[in-house]
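Trainee: Before anything else, here's the structure in question.
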Amino acid sequence: MILYPAIDLKDGQAVRLLRGEMDKATVFNEDPAAQARAFVDAGCDWLHLVDLNGAFAGTPVNAGPVEAILKDCDVPAQLGGGIRDMATIETWLDKGLARVILGTIAVENPDLVREAARAFPGQVAVGIDARNGLVATKGWAEETNVQVTDLARSFEDAGVAAIIYTDINRDGAMQGPNVDATAALAQAVSIPVIASGGVSSITDLIALRDCGADLNGAISGRALYDGAIDLKEALAALRE
């Protein structure tokens with residue numbers, strides 16, 4: 001199972017939010033590229049990047065820091081936030097991004113997700129962010145009546161590379177991931193699932209790895225910054 005260190009970008013800085021609320025942001029590094037290099041030096045295989053401002057604006061906002069990370073780091077990176085048209089998808093992939101994460105448009109324009117997945121095999125993931133089992137969009141600001149599993153199943157034949165499933169109520173709260181819901185989703189679809197939200201210890205990572213579903217990976221942010229998870233130790237534990 002892959003451990004994806006998260007770098008959430010707000011106003012050019014690496015931050016973490018509490019349950020997705022932009023006014024509850026903690027700045028952890030004013031130099032996101034330096035933070036990314038630290039994660040790479042610790043041995044991570046991937047980076048997970050989020051343009052928080054872009055998620056609200058509907059267009060990329062933190063392009064500068066993302067480009068600096070892509071230039072400085074030699075591991076693949078995936079990015080979500082504000083990617084809502086083919087031109088933006090193609091631009092990011094041309095800049096060296098390994099995978100784009102499409103969230104809001106997966107609800108509002110699923111045909112675009114299918115088109116992108118056909119055009120860029122293996123490079124398009126769907127981000128499903130949910131509160132209480134219902135999908136939220138536009139930087140988690142708007143809630144829908146769409147069930148997580150229904151949305152995921154609708155892309156079974158689309159060729160998407162992965163589903164990143166985030167339990168918003170757990171995100172940044174250091175209360176542990178929603179293991180049961182993540183496992184249920186992974187068992188309901190054939191698309192690889194990446195867990196996100198609440199991963200706060202190596203024990204959480206092991207619980208996800210051993211949840212009974214074959215998860216592709218897990219994303220962790222605040223726990224890595226706070227020191228609750230030592231990245232080198234976690235990577236070693238997951239590789240055992």
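Each chain of the structure tokens is named A, B, ... in the order shown, its residues numbered from 1; ligands are numbered from 1 in display order.
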Which residues are close to Arg222 (chain A), i.e. within 10 Å by only C-alpha atoms, leaving aside same-chain residues fewer than 4 positions away? Reply as a list in words.
Mentor: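 The neighbour list is Pro5, Ala6, Ile7, Asp8, Val15, Arg16, Leu17, Leu18, Thr26, Phe28, Asp171, Gly172, Ala173, Met174, Gly197, Gly198, Val199, Ser200, Asp226, Gly227, Ala228 and Ile229 of chain A.
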Trainee: Could you pull out the residues in region 85-155 of chain A that DSSP calls strand (DSSP E) from the backbone, as number ranges by chain?
Mentor: A: 99-102, 124-131, 134-137, 142-147
Trainee: With DSSP run on the backbone, what are the helix (DSSP H, G or I) residues within region 33-194 of chain A? I'd like them as a PyMOL selection string.
Mentor: chain A and resi 33-41+52-57+63-72+86-94+104-108+110-119+148-153+168-170+179-188
Trainee: Within 12 Å of region 31-50 of chain A, which residues of region 103-211 of chain A show up? Give each one with its shortest atom-to-atom distance in Å (one decimal) and the two atoms involved, counting only C-alpha atoms, rows by chain then rising residue number, as JSON lines.
Mentor:
```
{"residue": "A:Gly103", "atom": "CA", "partner": "A:Val50", "partner_atom": "CA", "distance": 11.3}
{"residue": "A:Ala125", "atom": "CA", "partner": "A:His48", "partner_atom": "CA", "distance": 11.9}
{"residue": "A:Gly127", "atom": "CA", "partner": "A:Val50", "partner_atom": "CA", "distance": 10.9}
{"residue": "A:Gly139", "atom": "CA", "partner": "A:Val50", "partner_atom": "CA", "distance": 10.2}
{"residue": "A:Ile164", "atom": "CA", "partner": "A:His48", "partner_atom": "CA", "distance": 10.3}
{"residue": "A:Ile194", "atom": "CA", "partner": "A:His48", "partner_atom": "CA", "distance": 10.8}
{"residue": "A:Ala195", "atom": "CA", "partner": "A:His48", "partner_atom": "CA", "distance": 11.8}
{"residue": "A:Ser196", "atom": "CA", "partner": "A:His48", "partner_atom": "CA", "distance": 10.4}
```
Trainee: Next, write the just-selected residues to a file, as a tab-separated table (two decimals), in the first residue's frame, keeping N, CA and C atoms as the atom set.
Mentor:
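Generated output (part_29.tsv):
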```tsv
chain	number	residue	atom	x	y	z
A	103	GLY	N	-12.59	16.23	-9.15
A	103	GLY	CA	-13.57	16.08	-8.09
A	103	GLY	C	-14.92	16.66	-8.44
A	125	ALA	N	-7.57	10.53	-12.09
A	125	ALA	CA	-8.21	9.95	-10.91
A	125	ALA	C	-9.46	10.76	-10.58
A	127	GLY	N	-11.67	12.26	-7.48
A	127	GLY	CA	-11.68	12.57	-6.07
A	127	GLY	C	-13.11	12.60	-5.56
A	139	GLY	N	-14.57	22.51	-3.33
A	139	GLY	CA	-13.81	22.73	-2.12
A	139	GLY	C	-14.56	22.34	-0.87
A	164	ILE	N	-9.83	8.68	-5.11
A	164	ILE	CA	-9.35	9.19	-3.83
A	164	ILE	C	-10.58	9.51	-2.99
A	194	ILE	N	-7.87	5.01	-2.91
A	194	ILE	CA	-6.88	5.62	-2.02
A	194	ILE	C	-7.65	6.29	-0.88
A	195	ALA	N	-7.28	5.97	0.35
A	195	ALA	CA	-7.96	6.50	1.53
A	195	ALA	C	-7.39	7.85	1.92
A	196	SER	N	-8.28	8.75	2.35
A	196	SER	CA	-7.84	10.08	2.78
A	196	SER	C	-8.74	10.57	3.90
```
Trainee: For CA of Val107 (chain A) and CA of Phe56 (chain A), determine how far apart the two atoms are, in Å to one decimal place.
Mentor: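 Atom-to-atom, CA of Val107 (chain A) and CA of Phe56 (chain A) are spaced 15.3 Å apart.
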Trainee: Select, from A:Leu93, A:Ala130, A:Ala184, A:Leu9, the residue with the minimum atom-to-atom distance to Gly81 (chain A), counting only C-alpha atoms.
Mentor: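 That would be A:Leu9, the residue with the smallest distance to Gly81 (chain A).
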Trainee: Provide the CA of Asp204 (chain A) to CA of Gly176 (chain A) distance in Å, to one decimal place.
Mentor: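 So the answer is 6.2 Å.
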Trainee: So, counting only C-alpha atoms, which residue among A:Asp94, A:Asp180, A:Glu233, A:Asp111 is closest to Ile202 (chain A)?
Mentor: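 Going through A:Asp94, A:Asp180, A:Glu233, A:Asp111 one by one, the smallest distance to Ile202 (chain A) is for A:Glu233.
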Trainee: Tell me which protein, DNA and RNA residues are within 12 Å of Ile89 (chain A), counting only C-alpha atoms, leaving out same-chain ones fewer than 4 positions away, and put them as a ChimeraX atom specification.
Mentor: /A:59-60,78-85,93-102,105,112-113,115-117,119-120,123-125
Trainee: Using N, CA and C atoms, can you export the residues from the last selection as a CSV table (one decimal), in the first residue's frame?
Mentor:
```csv
chain,number,residue,atom,x,y,z
A,59,THR,N,-10.4,27.2,-10.8
A,59,THR,CA,-9.3,27.3,-11.8
A,59,THR,C,-8.0,27.3,-11.0
A,60,PRO,N,-6.9,26.8,-11.5
A,60,PRO,CA,-5.6,26.7,-10.7
A,60,PRO,C,-5.2,28.1,-10.2
A,78,GLN,N,0.4,13.6,-7.8
A,78,GLN,CA,-1.0,13.8,-8.3
A,78,GLN,C,-1.5,15.1,-7.7
A,79,LEU,N,-2.4,15.8,-8.4
A,79,LEU,CA,-2.9,17.1,-8.0
A,79,LEU,C,-4.4,17.2,-8.2
A,80,GLY,N,-5.0,17.8,-7.2
A,80,GLY,CA,-6.5,18.1,-7.3
A,80,GLY,C,-6.7,19.5,-6.9
A,81,GLY,N,-7.8,20.1,-7.3
A,81,GLY,CA,-8.2,21.4,-6.9
A,81,GLY,C,-8.2,22.3,-8.1
A,82,GLY,N,-9.4,22.7,-8.6
A,82,GLY,CA,-9.6,23.7,-9.7
A,82,GLY,C,-9.3,23.1,-11.1
A,83,ILE,N,-9.3,21.8,-11.2
A,83,ILE,CA,-9.0,21.2,-12.6
A,83,ILE,C,-10.4,20.8,-13.1
A,84,ARG,N,-10.9,21.6,-14.0
A,84,ARG,CA,-12.3,21.4,-14.4
A,84,ARG,C,-12.5,21.5,-15.9
A,85,ASP,N,-11.4,21.4,-16.7
A,85,ASP,CA,-11.6,21.4,-18.2
A,85,ASP,C,-10.4,20.7,-18.8
A,93,LEU,N,-0.6,17.9,-17.1
A,93,LEU,CA,0.2,16.7,-17.5
A,93,LEU,C,1.4,17.0,-18.4
A,94,ASP,N,1.3,18.0,-19.2
A,94,ASP,CA,2.4,18.5,-20.0
A,94,ASP,C,3.6,19.0,-19.1
A,95,LYS,N,3.2,19.6,-18.0
A,95,LYS,CA,4.2,20.1,-17.0
A,95,LYS,C,4.9,19.1,-16.2
A,96,GLY,N,4.4,17.8,-16.3
A,96,GLY,CA,5.1,16.7,-15.6
A,96,GLY,C,4.3,16.1,-14.5
A,97,LEU,N,3.1,16.6,-14.3
A,97,LEU,CA,2.2,15.9,-13.3
A,97,LEU,C,1.9,14.5,-13.8
A,98,ALA,N,2.0,13.6,-12.8
A,98,ALA,CA,1.7,12.2,-13.2
A,98,ALA,C,0.2,11.9,-13.3
A,99,ARG,N,-0.6,12.6,-12.4
A,99,ARG,CA,-2.0,12.3,-12.4
A,99,ARG,C,-2.8,13.5,-11.9
A,100,VAL,N,-3.9,13.8,-12.6
A,100,VAL,CA,-4.8,14.8,-12.2
A,100,VAL,C,-5.9,14.2,-11.4
A,101,ILE,N,-6.5,14.9,-10.4
A,101,ILE,CA,-7.6,14.4,-9.6
A,101,ILE,C,-8.8,15.3,-10.0
A,102,LEU,N,-9.9,14.7,-10.5
A,102,LEU,CA,-11.0,15.4,-10.8
A,102,LEU,C,-12.1,15.2,-9.8
A,105,ILE,N,-16.0,18.2,-11.1
A,105,ILE,CA,-16.6,17.8,-12.4
A,105,ILE,C,-17.0,16.4,-12.5
A,112,LEU,N,-16.9,14.6,-19.1
A,112,LEU,CA,-15.5,15.1,-19.2
A,112,LEU,C,-14.5,14.2,-18.6
A,113,VAL,N,-14.9,13.6,-17.4
A,113,VAL,CA,-14.0,12.6,-16.8
A,113,VAL,C,-13.7,11.5,-17.7
A,115,GLU,N,-13.9,11.4,-21.0
A,115,GLU,CA,-13.1,11.9,-22.1
A,115,GLU,C,-11.7,12.0,-21.7
A,116,ALA,N,-11.4,12.5,-20.5
A,116,ALA,CA,-10.0,12.7,-20.1
A,116,ALA,C,-9.4,11.4,-19.8
A,117,ALA,N,-10.1,10.4,-19.2
A,117,ALA,CA,-9.5,9.1,-18.9
A,117,ALA,C,-9.2,8.4,-20.2
A,119,ALA,N,-8.4,10.0,-23.1
A,119,ALA,CA,-7.3,10.7,-23.7
A,119,ALA,C,-5.9,10.5,-23.0
A,120,PHE,N,-6.0,10.3,-21.7
A,120,PHE,CA,-4.8,10.2,-20.9
A,120,PHE,C,-4.9,9.0,-20.0
A,123,GLN,N,-3.7,8.4,-16.1
A,123,GLN,CA,-3.3,9.7,-15.5
A,123,GLN,C,-4.5,10.5,-15.0
A,124,VAL,N,-5.7,9.9,-14.9
A,124,VAL,CA,-6.9,10.6,-14.4
A,124,VAL,C,-7.5,9.9,-13.2
A,125,ALA,N,-7.6,10.5,-12.1
A,125,ALA,CA,-8.2,10.0,-10.9
A,125,ALA,C,-9.5,10.8,-10.6
```
